[in-house]
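Asker: This is the content of coords_31.pdb (PDB, C-alpha atoms):
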ATOM      1  CA  MET Z  20       0.000   0.000   0.000  1.00  0.00           C
ATOM      2  CA  ILE Z  21       1.342   3.385  -0.931  1.00  0.00           C
ATOM      3  CA  ASP Z  22      -1.688   5.488   0.007  1.00  0.00           C
ATOM      4  CA  LEU Z  23      -0.267   6.261   3.400  1.00  0.00           C
ATOM      5  CA  PRO Z  24       3.281   7.146   2.263  1.00  0.00           C
ATOM      6  CA  LEU Z  25       1.791   9.383  -0.432  1.00  0.00           C
ATOM      7  CA  THR Z  26      -0.456  11.083   2.134  1.00  0.00           C
ATOM      8  CA  ARG Z  27       2.494  11.581   4.496  1.00  0.00           C
ATOM      9  CA  ALA Z  28       4.442  13.195   1.656  1.00  0.00           C
ATOM     10  CA  LEU Z  29       1.476  15.378   0.749  1.00  0.00           C
ATOM     11  CA  VAL Z  30       1.053  16.526   4.345  1.00  0.00           C
ATOM     12  CA  GLU Z  31       4.756  17.351   4.603  1.00  0.00           C
ATOM     13  CA  LEU Z  32       4.486  19.651   1.580  1.00  0.00           C
ATOM     14  CA  VAL Z  33       1.200  21.197   2.715  1.00  0.00           C
ATOM     15  CA  LEU Z  34       2.720  22.057   6.095  1.00  0.00           C
ATOM     16  CA  PHE Z  35       5.781  23.560   4.405  1.00  0.00           C
ATOM     17  CA  ILE Z  36       3.629  25.702   2.129  1.00  0.00           C
ATOM     18  CA  ASP Z  37       1.082  26.651   4.737  1.00  0.00           C
ATOM     19  CA  GLN Z  38       3.203  27.102   7.839  1.00  0.00           C
ATOM     20  CA  SER Z  39       6.401  28.665   6.557  1.00  0.00           C
ATOM     21  CA  ASP Z  40       7.160  32.277   7.431  1.00  0.00           C
ATOM     22  CA  GLU Z  41       6.079  34.814   4.842  1.00  0.00           C
ATOM     23  CA  GLU Z  42       9.724  35.443   3.911  1.00  0.00           C
ATOM     24  CA  VAL Z  43       9.984  31.755   2.950  1.00  0.00           C
ATOM     25  CA  VAL Z  44       6.671  31.219   1.146  1.00  0.00           C
ATOM     26  CA  ASP Z  45       4.585  34.132  -0.097  1.00  0.00           C
ATOM     27  CA  PRO Z  46       1.254  33.921   1.784  1.00  0.00           C
ATOM     28  CA  ASP Z  47      -0.928  34.854  -1.202  1.00  0.00           C
ATOM     29  CA  ALA Z  48       0.742  32.251  -3.397  1.00  0.00           C
ATOM     30  CA  ALA Z  49       0.424  29.688  -0.606  1.00  0.00           C
ATOM     31  CA  ALA Z  50      -3.297  30.432  -0.288  1.00  0.00           C
ATOM     32  CA  ASN Z  51      -3.767  30.080  -4.049  1.00  0.00           C
ATOM     33  CA  CYS Z  52      -1.895  26.785  -4.026  1.00  0.00           C
ATOM     34  CA  MET Z  53      -4.040  25.397  -1.188  1.00  0.00           C
ATOM     35  CA  HIS Z  54      -7.178  26.597  -2.978  1.00  0.00           C
ATOM     36  CA  SER Z  55      -6.104  24.802  -6.145  1.00  0.00           C
ATOM     37  CA  LEU Z  56      -5.369  21.642  -4.157  1.00  0.00           C
ATOM     38  CA  ALA Z  57      -8.836  21.729  -2.605  1.00  0.00           C
ATOM     39  CA  GLY Z  58     -10.304  22.250  -6.078  1.00  0.00           C
ATOM     40  CA  GLY Z  59      -8.603  19.095  -7.291  1.00  0.00           C
ATOM     41  CA  PHE Z  60     -10.010  17.078  -4.391  1.00  0.00           C
ATOM     42  CA  ASP Z  61     -13.426  18.606  -5.043  1.00  0.00           C
ATOM     43  CA  ARG Z  62     -13.502  16.798  -8.389  1.00  0.00           C
ATOM     44  CA  LEU Z  63     -13.103  13.368  -6.742  1.00  0.00           C
ATOM     45  CA  ASP Z  64     -16.073  11.190  -5.917  1.00  0.00           C
ATOM     46  CA  GLY Z  65     -17.434  10.905  -2.378  1.00  0.00           C
ATOM     47  CA  GLN Z  66     -15.760   7.603  -1.605  1.00  0.00           C
ATOM     48  CA  GLN Z  67     -12.354   8.899  -2.685  1.00  0.00           C
ATOM     49  CA  ARG Z  68     -12.791  12.000  -0.517  1.00  0.00           C
ATOM     50  CA  VAL Z  69     -13.730   9.822   2.468  1.00  0.00           C
ATOM     51  CA  GLU Z  70     -10.639   7.656   1.954  1.00  0.00           C
ATOM     52  CA  ILE Z  71      -8.305  10.642   1.736  1.00  0.00           C
ATOM     53  CA  ALA Z  72      -9.911  12.172   4.843  1.00  0.00           C
ATOM     54  CA  GLU Z  73      -9.281   8.914   6.726  1.00  0.00           C
ATOM     55  CA  LEU Z  74      -5.654   8.857   5.610  1.00  0.00           C
ATOM     56  CA  LEU Z  75      -5.198  12.460   6.727  1.00  0.00           C
ATOM     57  CA  ARG Z  76      -6.547  11.534  10.155  1.00  0.00           C
ATOM     58  CA  VAL Z  77      -4.044   8.670  10.357  1.00  0.00           C
ATOM     59  CA  VAL Z  78      -1.203  11.037   9.438  1.00  0.00           C
ATOM     60  CA  ALA Z  79      -2.541  13.524  11.997  1.00  0.00           C
ATOM     61  CA  SER Z  80      -2.385  10.850  14.694  1.00  0.00           C
ATOM     62  CA  GLU Z  81       1.266  10.226  13.807  1.00  0.00           C
ATOM     63  CA  GLN Z  82       2.324  13.827  14.470  1.00  0.00           C
ATOM     64  CA  ARG Z  83       4.465  14.266  17.550  1.00  0.00           C
ATOM     65  CA  ASP Z  84       2.997  17.454  18.954  1.00  0.00           C
ATOM     66  CA  ALA Z  85      -0.593  18.487  19.593  1.00  0.00           C
ATOM     67  CA  SER Z  86      -0.300  21.575  17.403  1.00  0.00           C
ATOM     68  CA  SER Z  87       0.718  19.519  14.351  1.00  0.00           C
ATOM     69  CA  ARG Z  88      -1.956  16.917  15.061  1.00  0.00           C
ATOM     70  CA  ARG Z  89      -4.572  19.649  15.156  1.00  0.00           C
ATOM     71  CA  ARG Z  90      -3.136  21.294  12.045  1.00  0.00           C
ATOM     72  CA  VAL Z  91      -3.281  18.078  10.008  1.00  0.00           C
ATOM     73  CA  ASN Z  92      -6.762  17.226  11.256  1.00  0.00           C
ATOM     74  CA  ASP Z  93      -7.866  20.727  10.207  1.00  0.00           C
ATOM     75  CA  LEU Z  94      -6.722  19.942   6.666  1.00  0.00           C
ATOM     76  CA  VAL Z  95      -9.662  17.563   6.308  1.00  0.00           C
ATOM     77  CA  HIS Z  96     -11.991  20.548   6.520  1.00  0.00           C
ATOM     78  CA  GLU Z  97      -9.781  23.051   4.706  1.00  0.00           C
ATOM     79  CA  LEU Z  98      -9.451  20.724   1.733  1.00  0.00           C
ATOM     80  CA  GLY Z  99     -13.201  20.170   1.623  1.00  0.00           C
ATOM     81  CA  LEU Z 100     -12.925  16.511   2.581  1.00  0.00           C
ATOM     82  CA  SER Z 101     -15.217  16.488   5.604  1.00  0.00           C
ATOM     83  CA  ALA Z 102     -18.596  14.821   5.238  1.00  0.00           C
TER      84      ALA Z 102
ATOM     85  CA  MET C  19      -8.303   3.991  -6.069  1.00  0.00           C
ATOM     86  CA  ILE C  20      -6.866   7.149  -4.607  1.00  0.00           C
ATOM     87  CA  ASP C  21      -3.192   6.566  -5.420  1.00  0.00           C
ATOM     88  CA  LEU C  22      -3.433   8.600  -8.584  1.00  0.00           C
ATOM     89  CA  PRO C  23      -5.350  11.565  -7.114  1.00  0.00           C
ATOM     90  CA  LEU C  24      -2.867  11.657  -4.227  1.00  0.00           C
ATOM     91  CA  THR C  25       0.056  11.596  -6.653  1.00  0.00           C
ATOM     92  CA  ARG C  26      -1.507  14.375  -8.750  1.00  0.00           C
ATOM     93  CA  ALA C  27      -1.891  16.470  -5.597  1.00  0.00           C
ATOM     94  CA  LEU C  28       1.681  15.740  -4.570  1.00  0.00           C
ATOM     95  CA  VAL C  29       3.003  16.737  -7.987  1.00  0.00           C
ATOM     96  CA  GLU C  30       1.011  19.975  -7.895  1.00  0.00           C
ATOM     97  CA  LEU C  31       2.653  20.941  -4.596  1.00  0.00           C
ATOM     98  CA  VAL C  32       6.127  19.825  -5.691  1.00  0.00           C
ATOM     99  CA  LEU C  33       5.882  21.972  -8.821  1.00  0.00           C
ATOM    100  CA  PHE C  34       4.700  24.941  -6.753  1.00  0.00           C
ATOM    101  CA  ILE C  35       7.593  24.574  -4.325  1.00  0.00           C
ATOM    102  CA  ASP C  36      10.222  23.808  -6.920  1.00  0.00           C
ATOM    103  CA  GLN C  37       9.233  26.049  -9.805  1.00  0.00           C
ATOM    104  CA  SER C  38       8.020  29.214  -8.121  1.00  0.00           C
ATOM    105  CA  ASP C  39      10.113  32.369  -8.429  1.00  0.00           C
ATOM    106  CA  GLU C  40      12.524  32.978  -5.586  1.00  0.00           C
ATOM    107  CA  GLU C  41      10.367  35.869  -4.357  1.00  0.00           C
ATOM    108  CA  VAL C  42       7.512  33.379  -3.915  1.00  0.00           C
ATOM    109  CA  VAL C  43       9.344  30.400  -2.404  1.00  0.00           C
ATOM    110  CA  ASP C  44      12.802  30.747  -0.889  1.00  0.00           C
ATOM    111  CA  PRO C  45      15.105  28.505  -2.972  1.00  0.00           C
ATOM    112  CA  ASP C  46      17.108  27.171  -0.008  1.00  0.00           C
ATOM    113  CA  ALA C  47      13.954  26.249   1.891  1.00  0.00           C
ATOM    114  CA  ALA C  48      12.527  24.653  -1.258  1.00  0.00           C
ATOM    115  CA  ALA C  49      15.686  22.572  -1.687  1.00  0.00           C
ATOM    116  CA  ASN C  50      15.527  21.457   1.957  1.00  0.00           C
ATOM    117  CA  CYS C  51      11.877  20.518   1.573  1.00  0.00           C
ATOM    118  CA  MET C  52      12.575  18.444  -1.552  1.00  0.00           C
ATOM    119  CA  HIS C  53      15.503  16.789   0.204  1.00  0.00           C
ATOM    120  CA  SER C  54      13.283  15.872   3.139  1.00  0.00           C
ATOM    121  CA  LEU C  55      10.648  14.505   0.767  1.00  0.00           C
ATOM    122  CA  ALA C  56      13.237  12.314  -0.964  1.00  0.00           C
ATOM    123  CA  GLY C  57      14.410  11.133   2.459  1.00  0.00           C
ATOM    124  CA  GLY C  58      10.905  10.003   3.311  1.00  0.00           C
ATOM    125  CA  PHE C  59      10.633   8.028   0.072  1.00  0.00           C
ATOM    126  CA  ASP C  60      14.061   6.553   0.730  1.00  0.00           C
ATOM    127  CA  ARG C  61      12.628   4.776   3.776  1.00  0.00           C
ATOM    128  CA  LEU C  62      10.016   2.943   1.683  1.00  0.00           C
ATOM    129  CA  ASP C  63      10.595  -0.545   0.375  1.00  0.00           C
ATOM    130  CA  GLY C  64      11.556  -1.220  -3.237  1.00  0.00           C
ATOM    131  CA  GLN C  65       8.075  -2.198  -4.373  1.00  0.00           C
ATOM    132  CA  GLN C  66       6.560   0.968  -2.926  1.00  0.00           C
ATOM    133  CA  ARG C  67       9.193   3.094  -4.646  1.00  0.00           C
ATOM    134  CA  VAL C  68       8.483   1.352  -7.956  1.00  0.00           C
ATOM    135  CA  GLU C  69       4.743   1.982  -7.563  1.00  0.00           C
ATOM    136  CA  ILE C  70       5.225   5.662  -6.793  1.00  0.00           C
ATOM    137  CA  ALA C  71       7.615   6.012  -9.738  1.00  0.00           C
ATOM    138  CA  GLU C  72       4.974   4.468 -12.020  1.00  0.00           C
ATOM    139  CA  LEU C  73       2.321   6.864 -10.707  1.00  0.00           C
ATOM    140  CA  LEU C  74       4.629   9.828 -11.276  1.00  0.00           C
ATOM    141  CA  ARG C  75       5.118   8.699 -14.883  1.00  0.00           C
ATOM    142  CA  VAL C  76       1.338   8.535 -15.328  1.00  0.00           C
ATOM    143  CA  VAL C  77       0.977  12.054 -13.919  1.00  0.00           C
ATOM    144  CA  ALA C  78       3.824  13.186 -16.189  1.00  0.00           C
ATOM    145  CA  SER C  79       1.979  11.829 -19.214  1.00  0.00           C
ATOM    146  CA  GLU C  80      -1.076  13.866 -18.213  1.00  0.00           C
ATOM    147  CA  GLN C  81       0.776  17.184 -18.301  1.00  0.00           C
ATOM    148  CA  ARG C  82      -0.234  19.455 -21.138  1.00  0.00           C
ATOM    149  CA  ASP C  83       3.145  20.801 -22.178  1.00  0.00           C
ATOM    150  CA  ALA C  84       6.436  19.059 -22.869  1.00  0.00           C
ATOM    151  CA  SER C  85       8.299  21.087 -20.274  1.00  0.00           C
ATOM    152  CA  SER C  86       5.950  19.973 -17.481  1.00  0.00           C
ATOM    153  CA  ARG C  87       6.004  16.375 -18.706  1.00  0.00           C
ATOM    154  CA  ARG C  88       9.805  16.420 -18.560  1.00  0.00           C
ATOM    155  CA  ARG C  89       9.786  18.134 -15.183  1.00  0.00           C
ATOM    156  CA  VAL C  90       7.468  15.527 -13.628  1.00  0.00           C
ATOM    157  CA  ASN C  91       9.377  12.637 -15.185  1.00  0.00           C
ATOM    158  CA  ASP C  92      12.581  14.132 -13.729  1.00  0.00           C
ATOM    159  CA  LEU C  93      11.015  13.910 -10.267  1.00  0.00           C
ATOM    160  CA  VAL C  94      11.362  10.123 -10.405  1.00  0.00           C
ATOM    161  CA  HIS C  95      15.123  10.567 -10.334  1.00  0.00           C
ATOM    162  CA  GLU C  96      15.248  13.601  -8.058  1.00  0.00           C
ATOM    163  CA  LEU C  97      13.191  11.821  -5.428  1.00  0.00           C
ATOM    164  CA  GLY C  98      15.421   8.754  -5.623  1.00  0.00           C
ATOM    165  CA  LEU C  99      12.684   6.561  -7.067  1.00  0.00           C
ATOM    166  CA  SER C 100      14.459   5.353 -10.197  1.00  0.00           C
ATOM    167  CA  ALA C 101      15.639   1.768 -10.307  1.00  0.00           C
TER     168      ALA C 101
END
When written as structure tokens, how does the structure in this file appear?

Answerer:
Amino acid sequence: MIDLPLTRALVELVLFIDQSDEEVVDPDAAANCMHSLAGGFDRLDGQQRVEIAELLRVVASEQRDASSRRRVNDLVHELGLSA
Amino acid sequence: MIDLPLTRALVELVLFIDQSDEEVVDPDAAANCMHSLAGGFDRLDGQQRVEIAELLRVVASEQRDASSRRRVNDLVHELGLSA
């Protein structure tokens, strides 16, 4: 199974884009990128969205600190994957 | 199957990080992020790496222009996924 490794990789990049200082990643560009990502997920069917949401929750549970766990769990909503 | 949608999403973020102007994404931070991503893939087993490489080639073939196709195909090597 590579779903989980792919989701871990995706989360790593999302956190880099979304949590870097504004000198590192331009905030407007980051917001556009996240919006585009959510748009891509929006075109998936319901079952696919549910599966990705579940994987994100697994990756969230793997995070070491509470702040990162919360941040990754929040992605489910931000990416339009919540039921 | 969500492998392909996850890989498409991953490629979208990699291209944003790696191809944005330096005013948008700091080049050193981008290089570190890509290095960390490759490190994560390096911990997968051979079969997983082969599967991800195949998915990246599918996503490459979906790109509209030759430059993007080449760029995504190059990721297979840059991320240490080539045989």

Asker: What are the coordinates of chain Z as a PDB file with C-alpha atoms, in the coordinates of the input following a least-squares fit to chain C on all in-order C-alpha atoms?

Answerer:
ATOM      1  CA  MET Z  20      -8.267   3.993  -6.076  1.00  0.00           C
ATOM      2  CA  ILE Z  21      -6.855   7.147  -4.599  1.00  0.00           C
ATOM      3  CA  ASP Z  22      -3.181   6.574  -5.411  1.00  0.00           C
ATOM      4  CA  LEU Z  23      -3.427   8.596  -8.570  1.00  0.00           C
ATOM      5  CA  PRO Z  24      -5.351  11.568  -7.109  1.00  0.00           C
ATOM      6  CA  LEU Z  25      -2.875  11.668  -4.219  1.00  0.00           C
ATOM      7  CA  THR Z  26       0.060  11.604  -6.650  1.00  0.00           C
ATOM      8  CA  ARG Z  27      -1.514  14.379  -8.737  1.00  0.00           C
ATOM      9  CA  ALA Z  28      -1.898  16.474  -5.586  1.00  0.00           C
ATOM     10  CA  LEU Z  29       1.679  15.741  -4.560  1.00  0.00           C
ATOM     11  CA  VAL Z  30       3.003  16.739  -7.977  1.00  0.00           C
ATOM     12  CA  GLU Z  31       1.011  19.977  -7.894  1.00  0.00           C
ATOM     13  CA  LEU Z  32       2.657  20.942  -4.599  1.00  0.00           C
ATOM     14  CA  VAL Z  33       6.126  19.831  -5.699  1.00  0.00           C
ATOM     15  CA  LEU Z  34       5.872  21.982  -8.827  1.00  0.00           C
ATOM     16  CA  PHE Z  35       4.696  24.954  -6.762  1.00  0.00           C
ATOM     17  CA  ILE Z  36       7.593  24.578  -4.339  1.00  0.00           C
ATOM     18  CA  ASP Z  37      10.206  23.789  -6.936  1.00  0.00           C
ATOM     19  CA  GLN Z  38       9.224  26.047  -9.810  1.00  0.00           C
ATOM     20  CA  SER Z  39       8.019  29.216  -8.131  1.00  0.00           C
ATOM     21  CA  ASP Z  40      10.107  32.367  -8.440  1.00  0.00           C
ATOM     22  CA  GLU Z  41      12.516  32.980  -5.589  1.00  0.00           C
ATOM     23  CA  GLU Z  42      10.355  35.873  -4.362  1.00  0.00           C
ATOM     24  CA  VAL Z  43       7.493  33.382  -3.917  1.00  0.00           C
ATOM     25  CA  VAL Z  44       9.327  30.402  -2.408  1.00  0.00           C
ATOM     26  CA  ASP Z  45      12.787  30.749  -0.894  1.00  0.00           C
ATOM     27  CA  PRO Z  46      15.081  28.502  -2.982  1.00  0.00           C
ATOM     28  CA  ASP Z  47      17.097  27.171  -0.031  1.00  0.00           C
ATOM     29  CA  ALA Z  48      13.947  26.255   1.871  1.00  0.00           C
ATOM     30  CA  ALA Z  49      12.512  24.658  -1.267  1.00  0.00           C
ATOM     31  CA  ALA Z  50      15.666  22.570  -1.699  1.00  0.00           C
ATOM     32  CA  ASN Z  51      15.524  21.461   1.939  1.00  0.00           C
ATOM     33  CA  CYS Z  52      11.870  20.526   1.564  1.00  0.00           C
ATOM     34  CA  MET Z  53      12.554  18.446  -1.564  1.00  0.00           C
ATOM     35  CA  HIS Z  54      15.500  16.788   0.186  1.00  0.00           C
ATOM     36  CA  SER Z  55      13.284  15.868   3.127  1.00  0.00           C
ATOM     37  CA  LEU Z  56      10.639  14.495   0.761  1.00  0.00           C
ATOM     38  CA  ALA Z  57      13.222  12.309  -0.969  1.00  0.00           C
ATOM     39  CA  GLY Z  58      14.416  11.133   2.449  1.00  0.00           C
ATOM     40  CA  GLY Z  59      10.909   9.998   3.305  1.00  0.00           C
ATOM     41  CA  PHE Z  60      10.632   8.018   0.070  1.00  0.00           C
ATOM     42  CA  ASP Z  61      14.073   6.549   0.725  1.00  0.00           C
ATOM     43  CA  ARG Z  62      12.644   4.777   3.772  1.00  0.00           C
ATOM     44  CA  LEU Z  63      10.022   2.931   1.685  1.00  0.00           C
ATOM     45  CA  ASP Z  64      10.603  -0.564   0.385  1.00  0.00           C
ATOM     46  CA  GLY Z  65      11.562  -1.228  -3.234  1.00  0.00           C
ATOM     47  CA  GLN Z  66       8.087  -2.203  -4.363  1.00  0.00           C
ATOM     48  CA  GLN Z  67       6.558   0.959  -2.909  1.00  0.00           C
ATOM     49  CA  ARG Z  68       9.198   3.091  -4.641  1.00  0.00           C
ATOM     50  CA  VAL Z  69       8.483   1.345  -7.954  1.00  0.00           C
ATOM     51  CA  GLU Z  70       4.746   1.978  -7.566  1.00  0.00           C
ATOM     52  CA  ILE Z  71       5.222   5.663  -6.790  1.00  0.00           C
ATOM     53  CA  ALA Z  72       7.618   6.015  -9.740  1.00  0.00           C
ATOM     54  CA  GLU Z  73       4.971   4.485 -12.023  1.00  0.00           C
ATOM     55  CA  LEU Z  74       2.323   6.867 -10.711  1.00  0.00           C
ATOM     56  CA  LEU Z  75       4.632   9.831 -11.279  1.00  0.00           C
ATOM     57  CA  ARG Z  76       5.121   8.718 -14.878  1.00  0.00           C
ATOM     58  CA  VAL Z  77       1.342   8.554 -15.331  1.00  0.00           C
ATOM     59  CA  VAL Z  78       0.981  12.074 -13.919  1.00  0.00           C
ATOM     60  CA  ALA Z  79       3.838  13.198 -16.178  1.00  0.00           C
ATOM     61  CA  SER Z  80       1.986  11.848 -19.210  1.00  0.00           C
ATOM     62  CA  GLU Z  81      -1.068  13.889 -18.203  1.00  0.00           C
ATOM     63  CA  GLN Z  82       0.790  17.215 -18.287  1.00  0.00           C
ATOM     64  CA  ARG Z  83      -0.216  19.475 -21.140  1.00  0.00           C
ATOM     65  CA  ASP Z  84       3.162  20.826 -22.167  1.00  0.00           C
ATOM     66  CA  ALA Z  85       6.450  19.075 -22.868  1.00  0.00           C
ATOM     67  CA  SER Z  86       8.311  21.101 -20.251  1.00  0.00           C
ATOM     68  CA  SER Z  87       5.956  19.977 -17.463  1.00  0.00           C
ATOM     69  CA  ARG Z  88       6.021  16.384 -18.692  1.00  0.00           C
ATOM     70  CA  ARG Z  89       9.802  16.419 -18.558  1.00  0.00           C
ATOM     71  CA  ARG Z  90       9.783  18.134 -15.165  1.00  0.00           C
ATOM     72  CA  VAL Z  91       7.477  15.527 -13.614  1.00  0.00           C
ATOM     73  CA  ASN Z  92       9.384  12.642 -15.177  1.00  0.00           C
ATOM     74  CA  ASP Z  93      12.585  14.120 -13.713  1.00  0.00           C
ATOM     75  CA  LEU Z  94      11.016  13.892 -10.255  1.00  0.00           C
ATOM     76  CA  VAL Z  95      11.363  10.112 -10.413  1.00  0.00           C
ATOM     77  CA  HIS Z  96      15.130  10.542 -10.342  1.00  0.00           C
ATOM     78  CA  GLU Z  97      15.255  13.581  -8.064  1.00  0.00           C
ATOM     79  CA  LEU Z  98      13.194  11.793  -5.434  1.00  0.00           C
ATOM     80  CA  GLY Z  99      15.421   8.729  -5.628  1.00  0.00           C
ATOM     81  CA  LEU Z 100      12.682   6.541  -7.074  1.00  0.00           C
ATOM     82  CA  SER Z 101      14.449   5.323 -10.202  1.00  0.00           C
ATOM     83  CA  ALA Z 102      15.610   1.720 -10.278  1.00  0.00           C
TER      84      ALA Z 102
END

Asker: Which neighbours of region 56-62 of chain C fall inside 10 Å, counting all atoms listed in the file, when residues of the same chain fewer than 3 positions from it are skipped, and could you give them as a PyMOL selection string?

Answerer: (chain Z and resi 21+24-25+27-28+31) or (chain C and resi 50-53+65-68+70+93-99)

Asker: I would like the residues chosen by the ChimeraX specification (/C :<6) & /Z on the shown file; could you give them as a list in words?

Answerer: Asp22, Leu29, Val43, Val44 and Asp45 of chain Z

Asker: In Å, rounded to a single decimal, give me how far CA of Leu34 (chain Z) is from CA of Asp84 (chain Z).

Answerer: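 Separation between CA of Asp84 (chain Z) and CA of Leu34 (chain Z): 13.7 Å.
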
Asker: Just give me the gap between CA of Ala79 (chain Z) and CA of Gly64 (chain C) in Å, one decimal is fine.

Answerer: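 Computed distance, CA of Ala79 (chain Z) to CA of Gly64 (chain C), equals 25.5 Å.
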
Asker: So how many Å separate CA of Arg76 (chain Z) and CA of Asn92 (chain Z), to one decimal?

Answerer: 5.8 Å
